[in-house]
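Undergrad: Quick one, start.cif (mmCIF, C-alpha atoms):
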data_model
#
loop_
_atom_site.label_atom_id
_atom_site.label_comp_id
_atom_site.auth_asym_id
_atom_site.auth_seq_id
_atom_site.Cartn_x
_atom_site.Cartn_y
_atom_site.Cartn_z
CA MET A 1 16.35 85.08 -28.57
CA ARG A 2 14.72 81.88 -27.28
CA TYR A 3 15.70 80.16 -30.55
CA ILE A 4 19.34 81.19 -30.05
CA LEU A 5 19.29 79.85 -26.48
CA PHE A 6 17.78 76.55 -27.69
CA ILE A 7 20.54 76.11 -30.27
CA ALA A 8 23.21 76.90 -27.69
CA LEU A 9 21.80 74.33 -25.25
CA THR A 10 21.61 71.72 -28.01
CA LEU A 11 25.29 72.20 -28.84
CA LEU A 12 26.28 71.91 -25.17
CA LEU A 13 24.33 68.69 -24.67
CA CYS A 14 25.52 66.94 -27.80
CA THR A 15 28.79 65.08 -27.52
CA CYS A 16 29.75 65.44 -31.15
CA ASP A 17 30.97 68.66 -32.71
CA PRO A 18 28.78 70.00 -35.51
CA ALA A 19 29.43 68.66 -38.97
CA PRO A 20 30.24 71.26 -41.61
CA GLU A 21 27.18 73.01 -42.98
CA THR A 22 25.93 72.14 -46.43
CA THR A 23 24.03 74.27 -48.87
CA GLU A 24 20.28 74.20 -48.19
CA THR A 25 17.92 73.16 -50.94
CA THR A 26 14.49 74.57 -51.63
CA THR A 27 12.87 71.16 -51.18
CA ALA A 28 11.30 70.58 -47.78
CA ALA A 29 12.94 67.94 -45.63
CA PRO A 30 10.90 64.80 -44.93
CA ASP A 31 9.26 64.42 -41.53
CA ARG A 32 11.90 62.10 -40.14
CA ALA A 33 10.42 61.98 -36.66
CA ALA A 34 7.04 60.63 -37.80
CA ASP A 35 8.00 56.97 -37.65
CA ALA A 36 11.02 57.23 -35.38
CA GLU A 37 9.48 56.59 -31.97
CA PRO A 38 8.82 52.99 -30.97
CA THR A 39 6.26 51.94 -28.41
CA THR A 40 7.64 53.16 -25.09
CA MET A 41 7.05 51.03 -22.01
CA LEU A 42 6.83 52.24 -18.45
CA THR A 43 10.07 52.71 -16.56
CA ALA A 44 11.05 49.48 -14.84
CA ALA A 45 10.02 49.38 -11.19
CA GLY A 46 12.46 48.33 -8.50
CA VAL A 47 15.65 49.09 -10.43
CA GLU A 48 18.46 50.83 -8.57
CA THR A 49 22.18 51.40 -8.87
CA GLU A 50 24.95 50.73 -6.39
CA THR A 51 28.23 52.58 -6.79
CA VAL A 52 31.02 50.02 -6.73
CA PHE A 53 33.88 52.40 -7.54
CA ASN A 54 33.81 56.14 -6.87
CA PHE A 55 35.68 58.22 -9.43
CA GLU A 56 35.25 61.84 -10.46
CA ASP A 57 36.82 61.79 -13.92
CA ILE A 58 35.68 60.13 -17.18
CA ILE A 59 36.00 56.35 -17.27
CA TRP A 60 35.67 55.74 -21.01
CA GLY A 61 35.79 51.93 -20.95
CA PHE A 62 36.28 49.06 -18.53
CA THR A 63 36.59 45.29 -18.36
CA TRP A 64 37.43 42.50 -15.90
CA LEU A 65 40.56 40.48 -15.31
CA PRO A 66 40.13 36.75 -14.64
CA ASP A 67 40.68 37.33 -10.90
CA GLY A 68 37.74 39.77 -10.70
CA ARG A 69 39.71 43.00 -10.61
CA MET A 70 38.94 45.56 -13.29
CA LEU A 71 40.86 47.51 -15.90
CA ALA A 72 39.49 50.94 -16.75
CA THR A 73 40.55 53.63 -19.20
CA VAL A 74 40.40 57.26 -18.14
CA LYS A 75 39.90 59.75 -20.96
CA ASP A 76 42.89 61.80 -19.79
CA GLY A 77 45.23 58.88 -20.56
CA ARG A 78 45.40 56.84 -17.37
CA LEU A 79 44.93 53.07 -17.31
CA LEU A 80 43.62 51.96 -13.91
CA LEU A 81 43.67 48.68 -12.04
CA ILE A 82 40.55 48.69 -9.84
CA ASP A 83 40.46 46.43 -6.81
CA GLY A 84 37.28 46.94 -4.81
CA ASP A 85 36.90 50.62 -4.01
CA SER A 86 40.56 51.49 -4.63
CA SER A 87 42.67 51.85 -7.76
CA THR A 88 46.27 52.16 -8.90
CA GLU A 89 47.59 53.54 -12.17
CA ILE A 90 49.23 51.04 -14.53
CA THR A 91 52.36 52.40 -16.18
CA GLY A 92 53.26 51.88 -19.83
CA ALA A 93 49.99 52.99 -21.41
CA PRO A 94 50.42 54.93 -24.67
CA GLU A 95 50.62 58.71 -24.68
CA VAL A 96 47.32 60.13 -25.88
CA ARG A 97 46.21 63.30 -27.64
CA THR A 98 43.57 64.75 -25.32
CA VAL A 99 42.08 67.22 -27.77
CA GLY A 100 38.29 67.49 -27.91
CA GLN A 101 36.74 64.04 -27.71
CA GLY A 102 40.09 62.27 -27.86
CA GLY A 103 41.95 60.42 -25.15
CA LEU A 104 42.38 56.88 -23.89
CA LEU A 105 39.29 55.09 -25.14
CA ASP A 106 38.34 51.40 -25.12
CA VAL A 107 40.00 48.42 -23.41
CA LEU A 108 39.77 44.71 -24.26
CA LEU A 109 41.57 41.58 -23.07
CA ASP A 110 43.07 39.12 -25.52
CA GLN A 111 41.01 35.99 -26.09
CA ASP A 112 43.96 34.02 -24.71
CA PHE A 113 44.79 36.48 -21.93
CA ALA A 114 45.41 33.71 -19.40
CA SER A 115 48.51 32.64 -21.33
CA ASN A 116 49.72 35.81 -23.10
CA ARG A 117 48.37 38.66 -20.88
CA TYR A 118 47.80 40.96 -23.86
CA VAL A 119 45.61 44.04 -23.33
CA TYR A 120 44.24 45.98 -26.32
CA LEU A 121 43.55 49.73 -26.21
CA THR A 122 42.08 52.28 -28.59
CA TYR A 123 43.27 55.85 -28.20
CA SER A 124 43.79 59.17 -29.92
CA ARG A 125 47.39 59.35 -30.99
CA SER A 126 49.43 62.36 -32.10
CA GLU A 127 51.44 62.21 -35.27
CA GLU A 128 55.08 63.16 -35.03
CA GLY A 129 55.22 66.79 -33.98
CA GLY A 130 51.94 66.61 -32.09
CA GLU A 131 49.84 69.12 -34.06
CA LYS A 132 47.48 66.52 -35.53
CA GLY A 133 46.15 63.14 -34.49
CA PHE A 134 44.26 59.98 -35.39
CA THR A 135 42.61 56.96 -33.78
CA SER A 136 44.92 54.03 -33.09
CA VAL A 137 44.57 50.47 -31.85
CA GLY A 138 47.41 48.78 -30.03
CA ARG A 139 48.33 46.14 -27.49
CA GLY A 140 50.77 45.53 -24.67
CA ARG A 141 51.45 42.79 -22.15
CA LEU A 142 50.16 43.30 -18.62
CA SER A 143 52.92 42.40 -16.20
CA GLU A 144 52.38 39.51 -13.81
CA ASP A 145 51.92 41.90 -10.90
CA ALA A 146 49.52 44.03 -13.02
CA THR A 147 51.51 47.22 -12.44
CA GLN A 148 52.84 47.79 -15.95
CA LEU A 149 51.76 47.47 -19.58
CA GLU A 150 54.89 46.17 -21.26
CA ASN A 151 56.04 46.65 -24.85
CA PHE A 152 52.92 48.49 -25.98
CA THR A 153 52.77 48.55 -29.79
CA SER A 154 50.38 50.22 -32.22
CA LEU A 155 48.65 47.72 -34.53
CA TYR A 156 46.61 50.08 -36.71
CA ASP A 157 46.68 53.87 -37.18
CA GLY A 158 43.59 55.39 -38.78
CA GLY A 159 45.15 58.25 -40.72
CA PRO A 160 45.56 60.71 -42.19
CA ALA A 161 46.11 62.79 -39.08
CA THR A 162 43.94 65.85 -38.62
CA ASP A 163 43.84 68.75 -36.19
CA LYS A 164 40.11 68.15 -35.60
CA GLY A 165 39.11 66.93 -32.16
CA GLN A 166 35.91 65.03 -32.87
CA HIS A 167 34.60 61.62 -33.90
CA TYR A 168 37.43 59.29 -32.92
CA GLY A 169 35.06 56.33 -32.25
CA SER A 170 36.09 53.87 -30.78
CA ARG A 171 35.03 50.43 -29.48
CA MET A 172 36.40 46.89 -29.84
CA VAL A 173 35.00 43.35 -29.74
CA TRP A 174 36.23 39.89 -30.68
CA GLY A 175 34.22 38.18 -33.38
CA PRO A 176 33.05 34.91 -31.79
CA ASN A 177 32.70 33.14 -35.13
CA ASP A 178 36.07 34.12 -36.61
CA GLY A 179 38.27 35.19 -33.67
CA TYR A 180 39.19 38.51 -35.31
CA LEU A 181 39.32 41.94 -33.69
CA TYR A 182 36.58 44.34 -34.77
CA PHE A 183 37.03 48.03 -33.95
CA THR A 184 35.55 51.36 -34.96
CA ILE A 185 36.90 54.74 -36.03
CA GLY A 186 34.59 57.73 -36.47
CA ASP A 187 34.58 59.99 -39.51
CA ARG A 188 36.97 62.41 -37.71
CA GLY A 189 34.79 65.40 -38.60
CA ASN A 190 35.39 64.93 -42.33
CA ARG A 191 32.00 63.63 -43.38
CA ASP A 192 32.24 64.62 -47.03
CA GLU A 193 35.38 62.54 -47.74
CA ASN A 194 36.07 59.79 -45.24
CA PRO A 195 32.94 57.65 -44.68
CA GLN A 196 32.17 56.83 -48.32
CA ASP A 197 35.76 56.41 -49.53
CA THR A 198 37.34 53.02 -48.87
CA THR A 199 40.78 54.38 -49.79
CA ARG A 200 40.58 56.56 -46.66
CA ASP A 201 40.26 55.73 -42.98
CA GLY A 202 37.47 57.15 -40.84
CA GLY A 203 33.77 56.36 -40.63
CA LYS A 204 34.43 52.62 -40.73
CA VAL A 205 34.26 49.31 -38.87
CA TYR A 206 37.55 47.41 -39.18
CA ARG A 207 38.59 43.78 -38.79
CA ILE A 208 42.14 42.62 -38.11
CA ALA A 209 43.84 39.57 -36.63
CA ALA A 210 45.12 39.68 -33.06
CA ASP A 211 48.62 40.57 -34.26
CA GLY A 212 47.39 43.36 -36.53
CA SER A 213 47.57 41.43 -39.79
CA ILE A 214 44.75 41.61 -42.33
CA PRO A 215 42.39 38.61 -42.63
CA PRO A 216 42.56 37.30 -46.20
CA ASP A 217 38.75 37.27 -46.54
CA ASN A 218 38.26 40.92 -45.57
CA PRO A 219 35.92 42.45 -48.17
CA PHE A 220 38.39 44.96 -49.63
CA VAL A 221 41.49 42.78 -49.79
CA GLY A 222 42.96 43.16 -53.26
CA VAL A 223 40.84 46.19 -54.17
CA ALA A 224 43.10 48.83 -55.68
CA GLY A 225 43.88 51.60 -53.20
CA ALA A 226 41.48 50.35 -50.53
CA LYS A 227 42.30 50.14 -46.84
CA GLU A 228 42.19 46.37 -46.53
CA ALA A 229 41.37 46.40 -42.80
CA ILE A 230 37.95 47.95 -43.54
CA TYR A 231 35.00 45.66 -42.88
CA SER A 232 32.09 48.11 -43.39
CA TYR A 233 31.82 51.81 -44.23
CA GLY A 234 29.48 54.79 -44.36
CA HIS A 235 29.44 55.40 -40.58
CA ARG A 236 29.58 58.62 -38.53
CA ASN A 237 30.84 58.33 -34.92
CA LEU A 238 30.65 54.79 -33.57
CA GLN A 239 30.77 54.50 -29.77
CA GLY A 240 28.91 51.24 -29.26
CA LEU A 241 29.98 47.76 -30.41
CA THR A 242 28.79 44.41 -29.07
CA VAL A 243 28.14 40.81 -30.10
CA HIS A 244 24.71 39.20 -30.07
CA PRO A 245 24.90 36.33 -27.54
CA GLN A 246 22.85 33.93 -29.70
CA THR A 247 23.65 34.78 -33.32
CA GLY A 248 27.24 36.01 -33.00
CA GLU A 249 26.36 39.06 -35.11
CA VAL A 250 28.30 42.27 -34.48
CA TRP A 251 25.94 45.12 -33.55
CA GLU A 252 27.01 48.75 -33.62
CA HIS A 253 25.56 52.13 -32.71
CA GLU A 254 26.70 55.56 -33.78
CA HIS A 255 25.95 59.20 -33.15
CA GLY A 256 23.89 60.96 -35.76
CA PRO A 257 24.07 64.72 -36.11
CA ARG A 258 20.89 66.44 -34.88
CA GLY A 259 18.74 63.29 -34.91
CA GLY A 260 19.56 60.02 -36.60
CA ASP A 261 21.53 58.07 -34.00
CA GLU A 262 21.58 54.54 -35.42
CA VAL A 263 21.78 50.89 -34.37
CA ASN A 264 23.17 48.63 -37.12
CA ILE A 265 24.09 44.99 -37.63
CA ILE A 266 27.49 44.95 -39.29
CA GLU A 267 28.03 42.85 -42.41
CA ALA A 268 31.12 42.48 -44.59
CA GLY A 269 31.52 45.13 -47.26
CA LYS A 270 28.20 46.86 -46.58
CA ASN A 271 27.67 50.62 -46.92
CA TYR A 272 25.66 52.16 -44.06
CA GLY A 273 25.02 55.40 -45.86
CA TRP A 274 26.51 58.34 -43.95
CA PRO A 275 26.24 61.12 -45.09
CA VAL A 276 24.40 60.23 -48.31
CA ILE A 277 21.41 59.01 -46.31
CA THR A 278 20.52 59.95 -42.75
CA TYR A 279 17.55 60.54 -40.47
CA GLY A 280 19.35 63.55 -39.00
CA ILE A 281 19.83 67.17 -39.97
CA ASN A 282 22.54 69.79 -39.42
CA TYR A 283 22.87 71.33 -35.97
CA ASP A 284 21.60 74.64 -37.34
CA GLY A 285 18.41 72.96 -38.60
CA SER A 286 19.36 72.87 -42.30
CA GLN A 287 19.28 69.70 -44.36
CA ILE A 288 22.23 67.41 -44.91
CA THR A 289 20.33 65.38 -47.48
CA GLN A 290 16.73 64.67 -48.38
CA GLU A 291 17.49 60.95 -48.66
CA VAL A 292 16.75 58.50 -45.87
CA ALA A 293 17.15 55.43 -48.10
CA LYS A 294 19.08 54.56 -51.22
CA GLU A 295 19.78 51.40 -53.17
CA GLY A 296 23.01 49.76 -52.06
CA MET A 297 22.93 51.37 -48.61
CA GLU A 298 21.81 49.63 -45.42
CA GLN A 299 18.91 50.78 -43.26
CA PRO A 300 19.46 50.85 -39.49
CA VAL A 301 17.78 48.32 -37.23
CA HIS A 302 16.68 51.31 -35.16
CA TYR A 303 17.26 55.06 -34.96
CA TRP A 304 16.51 57.91 -32.58
CA VAL A 305 15.00 61.30 -33.37
CA PRO A 306 15.85 63.38 -31.40
CA SER A 307 19.38 62.18 -30.75
CA ILE A 308 20.16 60.54 -27.41
CA ALA A 309 23.97 60.67 -27.94
CA PRO A 310 24.52 56.93 -27.39
CA SER A 311 27.66 55.59 -25.74
CA GLY A 312 28.31 52.03 -24.67
CA MET A 313 26.20 49.03 -25.63
CA ALA A 314 25.68 45.47 -24.39
CA PHE A 315 23.18 42.63 -24.64
CA VAL A 316 21.57 41.42 -21.43
CA THR A 317 22.66 37.86 -20.64
CA GLY A 318 22.14 35.53 -17.69
CA ASP A 319 19.10 35.21 -15.44
CA ARG A 320 19.42 38.13 -13.02
CA TYR A 321 17.01 40.31 -15.01
CA PRO A 322 13.92 38.23 -15.91
CA GLY A 323 12.27 39.31 -19.14
CA TRP A 324 15.31 41.26 -20.37
CA GLU A 325 17.26 38.35 -21.85
CA ASN A 326 18.91 39.28 -25.18
CA ASP A 327 17.55 42.82 -25.02
CA LEU A 328 19.94 45.68 -25.75
CA LEU A 329 21.40 48.13 -23.23
CA VAL A 330 22.38 51.58 -24.52
CA GLY A 331 23.76 54.49 -22.51
CA SER A 332 22.87 58.11 -23.20
CA LEU A 333 25.35 60.92 -22.76
CA LYS A 334 22.82 63.59 -23.63
CA TYR A 335 19.89 62.54 -21.45
CA SER A 336 21.78 60.80 -18.62
CA TYR A 337 19.97 57.49 -18.63
CA LEU A 338 20.47 53.79 -19.25
CA LYS A 339 18.07 52.61 -21.93
CA LEU A 340 16.78 49.06 -22.38
CA VAL A 341 15.77 48.33 -25.98
CA HIS A 342 13.41 45.37 -26.21
CA LEU A 343 13.98 43.09 -29.20
CA ASP A 344 12.09 40.35 -30.96
CA GLY A 345 14.89 38.96 -33.08
CA LYS A 346 16.10 42.05 -34.96
CA GLU A 347 12.90 44.04 -34.47
CA VAL A 348 12.66 46.72 -31.79
CA THR A 349 9.39 46.24 -29.89
CA GLY A 350 9.79 48.91 -27.20
CA GLU A 351 12.12 50.88 -24.96
CA GLN A 352 12.50 51.56 -21.25
CA ASP A 353 14.67 54.13 -19.50
CA ILE A 354 15.58 51.82 -16.66
CA ILE A 355 17.75 54.31 -14.78
CA LYS A 356 17.06 58.04 -15.26
CA ASN A 357 19.07 61.14 -14.31
CA ILE A 358 22.10 59.03 -13.53
CA GLY A 359 24.64 61.27 -15.26
CA ARG A 360 26.44 61.05 -18.58
CA LEU A 361 26.69 57.32 -19.15
CA ARG A 362 29.87 56.41 -20.99
CA ASP A 363 30.05 52.58 -21.06
CA VAL A 364 27.85 49.62 -20.13
CA ARG A 365 28.89 45.97 -19.74
CA MET A 366 27.61 42.66 -18.41
CA GLY A 367 29.84 41.63 -15.53
CA PRO A 368 31.18 38.12 -14.90
CA ASP A 369 28.76 37.92 -11.95
CA GLY A 370 25.77 38.45 -14.26
CA TYR A 371 25.06 42.03 -13.16
CA ILE A 372 24.86 45.09 -15.43
CA TYR A 373 27.65 47.60 -14.83
CA ALA A 374 27.96 51.13 -16.20
CA SER A 375 30.53 53.91 -16.01
CA ILE A 376 29.10 57.34 -15.24
CA GLU A 377 31.04 60.56 -15.71
CA GLY A 378 31.72 62.15 -12.32
CA THR A 379 30.41 59.12 -10.40
CA GLY A 380 32.54 56.12 -11.34
CA ILE A 381 31.25 52.59 -11.95
CA VAL A 382 27.82 51.45 -10.81
CA ARG A 383 26.02 48.10 -10.67
CA VAL A 384 22.34 47.77 -11.64
CA VAL A 385 20.28 45.76 -9.15
CA LEU A 386 16.61 44.78 -8.84
CA VAL A 387 15.03 45.53 -5.46
#
In structure tokens, what does this structure look like?

TA:
Amino acid sequence: MRYILFIALTLLLCTCDPAPETTETTTAAPDRAADAEPTTMLTAAGVETETVFNFEDIIWGFTWLPDGRMLATVKDGRLLLIDGDSSTEITGAPEVRTVGQGGLLDVLLDQDFASNRYVYLTYSRSEEGGEKGFTSVGRGRLSEDATQLENFTSLYDGGPATDKGQHYGSRMVWGPNDGYLYFTIGDRGNRDENPQDTTRDGGKVYRIAADGSIPPDNPFVGVAGAKEAIYSYGHRNLQGLTVHPQTGEVWEHEHGPRGGDEVNIIEAGKNYGWPVITYGINYDGSQITQEVAKEGMEQPVHYWVPSIAPSGMAFVTGDRYPGWENDLLVGSLKYSYLKLVHLDGKEVTGEQDIIKNIGRLRDVRMGPDGYIYASIEGTGIVRVVLV
């Protein structure tokens, strides 16, 4: 009975629906937790949060306008303009399919927003008829008075549509070295087909130009049948994407199943292994695979066993947090904390849970004022301060 209760609690805490079960083998699974835990440092003293915007629903992503006001996506489909402690809804956002983990997801300003006022959104979109859906990326022009998103257009639809409600992804960043838009789409609950097949969407990092066109040096351009927007593949459910402030590398994190959440550095054409290799297991405790490494597949920079259900990711920049420069911030949906991952180059040297029991942390960003900000389900947006 206690075992049944444990499984039930695990399913409630995890943000990703269980992957389909696979047939168990008679070979014992490797002890994947043995080398999974880095040196853990003491929780940072004198770290607190200040709520800067109270909001009871799920703010999935947020960013800043040049004038200091914020744009925030609400999972239920609303796009908000936040000005201090008040907000107004911006009209013209795309209709979203709010099934399972879907909804209005990430938000990003154009690199030339000051002149073109383009805003990019990722969202779960219904196919015609509404029974199935997929992850889409699109853009519209924010009106001069910031009340309307005009002429919103989809730039990329990650089909085929499915009636499943899990693993949409989806985060966006601009590549600082090439100016292209990188975005993620999860495996959409179809782990056995999508992630390893470059002729299919899902379980991928993508790269497109600002207008949706395909960069000519994308790794699968000209490959027969391939989705030419794909930049890397073999991913599960990617809900963290950020750019290293010194190297310009694109870093990504993704949900594992039961164990095996990963942090990866994304490179063109690389295969990151899911589900052929993984440090996780099925939600019922059975094996997915015995393999944690295989030739031609990338190893993560870091992974977590047990899963923390990561969401949101940013590098610490500026001088407000001495000793944290270029370390990695990761939110946890499952354990309700903000984690600081200490790095020496690409090597993880330790971790700190700098804010505990804060609530399900959905996104984390460095603000234009040099402070860390995070969106917390049921709380709103908070700022991290040292006291």

Undergrad: Which one is closest to Asn54 in chain A: A:Ser154, A:Ser86, A:Ser286, A:Ser213? Count only C-alpha atoms.

TA: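 Once distances to Asn54 in chain A are computed over only C-alpha atoms, the minimum belongs to A:Ser86.
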
Undergrad: When the PyMOL selection byres ((chain A and resi 83) around 9) is applied to the file above, which residues end up in the set, as a ChimeraX atom specification?

TA: /A:53,68-70,81-82,84-88

Undergrad: Evaluating the PyMOL selection byres ((chain A and resi 172) around 7) on the displayed file yields which residues, as a VMD selection string?

TA: chain A and resid 106 108 171 173 181 to 184 241

Undergrad: Which residues, written as a list in words, have at least one atom at most 10 Å from Ala209 in chain A, with only C-alpha atoms counted and residues fewer than 3 positions away on the same chain left out?

TA: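 Here the answer would be Leu155, Trp174, Asp178, Gly179, Tyr180, Leu181, Tyr182, Gly212, Ser213, Ile214, Pro215, Pro216 and Ala229 of chain A.
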
Undergrad: If I take CA of Glu150 in chain A and CA of Asn116 in chain A, how far is one from the other in Å, to one decimal?

TA: 11.7 Å

Undergrad: Compare A:Gly269, A:Gly380, A:Gly103, A:Gly323 by their minimum atom-to-atom distance to Arg362 in chain A, counting only C-alpha atoms, and give me the closest one.

TA: A:Gly380

Undergrad: Kindly indicate which residue among A:Asp57, A:Glu89, A:Glu144, A:Asp319 lies nearest to Asp76 in chain A, using all atoms listed in the file for the distances.

TA: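 With all atoms listed in the file as the atom set, the closest residue is A:Asp57.
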
Undergrad: Quick check, in Å to one decimal: how far apart do CA of Thr379 in chain A and CA of Tyr123 in chain A lie?

TA: 22.2 Å

Undergrad: Pull out every residue that the PyMOL selection byres ((chain A and resi 159) around 7) matches in the shown coordinates and put them as a PDB file with C-alpha atoms, in the coordinates of the input.

TA:
ATOM      1  CA  PHE A 134      44.260  59.980 -35.390  1.00  0.00           C
ATOM      2  CA  ASP A 157      46.680  53.870 -37.180  1.00  0.00           C
ATOM      3  CA  GLY A 158      43.590  55.390 -38.780  1.00  0.00           C
ATOM      4  CA  PRO A 160      45.560  60.710 -42.190  1.00  0.00           C
ATOM      5  CA  ALA A 161      46.110  62.790 -39.080  1.00  0.00           C
ATOM      6  CA  ASP A 201      40.260  55.730 -42.980  1.00  0.00           C
TER       7      ASP A 201
END

Undergrad: Got a sec: who's within 12 Å of Gly100 in chain A, counting only C-alpha atoms, leaving out chain neighbours fewer than 5 positions off, as a list in words?

TA: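 Near neighbours after the sequence-gap exclusion: Thr15, Cys16, Asp17, Lys75, Asp76, Ser124, Lys132, Gly133, Asp163, Lys164, Gly165, Gln166, His167, Tyr168, Arg188 and Gly189 of chain A.
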
Undergrad: So the first atom is CA of Ser232 in chain A and the second is CA of Lys204 in chain A; what is the distance between them in Å, to one decimal place?

TA: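 So the two atoms, CA of Ser232 in chain A and CA of Lys204 in chain A, lie 5.7 Å apart.
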
Undergrad: Need the shell around Tyr335 in chain A: protein/DNA/RNA residues with any atom at most 12 Å away, counting all atoms listed in the file. Skip same-chain ones fewer than 2 positions apart. Format as a VMD selection string?

TA: chain A and resid 10 12 to 15 306 to 311 330 to 333 337 to 339 353 355 to 362

Undergrad: Export C-alpha atoms of the chosen residues as a compact mmCIF listing (two decimals), in the frame of the given file?

TA:
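Just written: out22.txt:
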# COMPACT_ATOMS: atom_id res chain seq x y z
CA THR A 10 21.61 71.72 -28.01
CA LEU A 12 26.28 71.91 -25.17
CA LEU A 13 24.33 68.69 -24.67
CA CYS A 14 25.52 66.94 -27.80
CA THR A 15 28.79 65.08 -27.52
CA PRO A 306 15.85 63.38 -31.40
CA SER A 307 19.38 62.18 -30.75
CA ILE A 308 20.16 60.54 -27.41
CA ALA A 309 23.97 60.67 -27.94
CA PRO A 310 24.52 56.93 -27.39
CA SER A 311 27.66 55.59 -25.74
CA VAL A 330 22.38 51.58 -24.52
CA GLY A 331 23.76 54.49 -22.51
CA SER A 332 22.87 58.11 -23.20
CA LEU A 333 25.35 60.92 -22.76
CA TYR A 337 19.97 57.49 -18.63
CA LEU A 338 20.47 53.79 -19.25
CA LYS A 339 18.07 52.61 -21.93
CA ASP A 353 14.67 54.13 -19.50
CA ILE A 355 17.75 54.31 -14.78
CA LYS A 356 17.06 58.04 -15.26
CA ASN A 357 19.07 61.14 -14.31
CA ILE A 358 22.10 59.03 -13.53
CA GLY A 359 24.64 61.27 -15.26
CA ARG A 360 26.44 61.05 -18.58
CA LEU A 361 26.69 57.32 -19.15
CA ARG A 362 29.87 56.41 -20.99

Undergrad: Just checking: using all atoms listed in the file, which residue out of A:Ile185, A:Leu79, A:Leu105, A:Ile281 ends up closest to Leu142 in chain A?

TA: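 Looking only at the distances to Leu142 in chain A, the closest residue turns out to be A:Leu79.
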
Undergrad: Pick from A:Gly273, A:Gly378, A:Gly92, A:Gly312: nearest to Thr51 in chain A, with all atoms listed in the file counted?

TA: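 Closest to Thr51 in chain A, using all atoms listed in the file: A:Gly378.
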
Undergrad: Give me the residues near Gly296 in chain A as a list of chain:residue names, where near means some atom within 9 Å (using all atoms listed in the file) and where sequence neighbours in that chain fewer than 2 positions away do not count.

TA: A:Lys270, A:Asn271, A:Tyr272, A:Gly273, A:Lys294, A:Glu298

Undergrad: Limited to C-alpha atoms, could you put the picked residues into a file as a CSV table (one decimal), in the coordinates of the input?

TA:
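Contents of again.csv, as written:
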chain,number,residue,atom,x,y,z
A,270,LYS,CA,28.2,46.9,-46.6
A,271,ASN,CA,27.7,50.6,-46.9
A,272,TYR,CA,25.7,52.2,-44.1
A,273,GLY,CA,25.0,55.4,-45.9
A,294,LYS,CA,19.1,54.6,-51.2
A,298,GLU,CA,21.8,49.6,-45.4

Undergrad: Determine the nearest neighbour of Arg117 in chain A from the options A:Pro66, A:Gly61, A:Pro94, A:Gly77, counting all atoms listed in the file.

TA: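 Looking only at the distances to Arg117 in chain A, the closest residue turns out to be A:Pro66.
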
Undergrad: Any idea what's packed within 12 Å of Gln196 in chain A, counting all atoms listed in the file, ignoring anything in its chain fewer than 3 positions away? Could you give it as a list in words?

TA: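 The residues that qualify are Asp187, Asn190, Arg191, Asp192, Glu193, Thr199, Arg200, Asp201, Gly202, Gly203, Lys204, Ala226, Ile230, Ser232, Tyr233, Gly234, His235, Arg236, Gly269, Lys270, Asn271, Tyr272, Gly273, Trp274, Pro275, Val276, Ile277 and Met297 of chain A.
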
Undergrad: Can you rebuild range 67-74 of chain A with N, CA, C and O atoms and give it as an mmCIF file, keeping the file's coordinate frame?

TA:
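Once written, selection.cif looks like this:
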data_model
loop_
_atom_site.group_PDB
_atom_site.id
_atom_site.type_symbol
_atom_site.label_atom_id
_atom_site.label_comp_id
_atom_site.auth_asym_id
_atom_site.auth_seq_id
_atom_site.Cartn_x
_atom_site.Cartn_y
_atom_site.Cartn_z
ATOM 1 N N ASP A 67 40.764 37.411 -12.368
ATOM 2 C CA ASP A 67 40.680 37.330 -10.900
ATOM 3 C C ASP A 67 39.616 38.237 -10.314
ATOM 4 O O ASP A 67 39.486 38.345 -9.090
ATOM 5 N N GLY A 68 38.839 38.929 -11.177
ATOM 6 C CA GLY A 68 37.740 39.770 -10.700
ATOM 7 C C GLY A 68 38.078 41.238 -10.580
ATOM 8 O O GLY A 68 37.172 42.074 -10.444
ATOM 9 N N ARG A 69 39.349 41.582 -10.594
ATOM 10 C CA ARG A 69 39.710 43.000 -10.610
ATOM 11 C C ARG A 69 39.382 43.585 -11.981
ATOM 12 O O ARG A 69 39.169 42.849 -12.951
ATOM 13 N N MET A 70 39.360 44.897 -12.057
ATOM 14 C CA MET A 70 38.940 45.560 -13.290
ATOM 15 C C MET A 70 40.080 46.386 -13.873
ATOM 16 O O MET A 70 40.942 46.896 -13.142
ATOM 17 N N LEU A 71 40.047 46.521 -15.203
ATOM 18 C CA LEU A 71 40.860 47.510 -15.900
ATOM 19 C C LEU A 71 39.923 48.581 -16.418
ATOM 20 O O LEU A 71 38.849 48.277 -16.946
ATOM 21 N N ALA A 72 40.329 49.835 -16.283
ATOM 22 C CA ALA A 72 39.490 50.940 -16.750
ATOM 23 C C ALA A 72 40.365 51.994 -17.413
ATOM 24 O O ALA A 72 41.475 52.287 -16.954
ATOM 25 N N THR A 73 39.873 52.538 -18.517
ATOM 26 C CA THR A 73 40.550 53.630 -19.200
ATOM 27 C C THR A 73 39.965 54.955 -18.749
ATOM 28 O O THR A 73 38.738 55.110 -18.659
ATOM 29 N N VAL A 74 40.827 55.901 -18.469
ATOM 30 C CA VAL A 74 40.400 57.260 -18.140
ATOM 31 C C VAL A 74 40.705 58.131 -19.357
ATOM 32 O O VAL A 74 41.782 58.029 -19.951
#
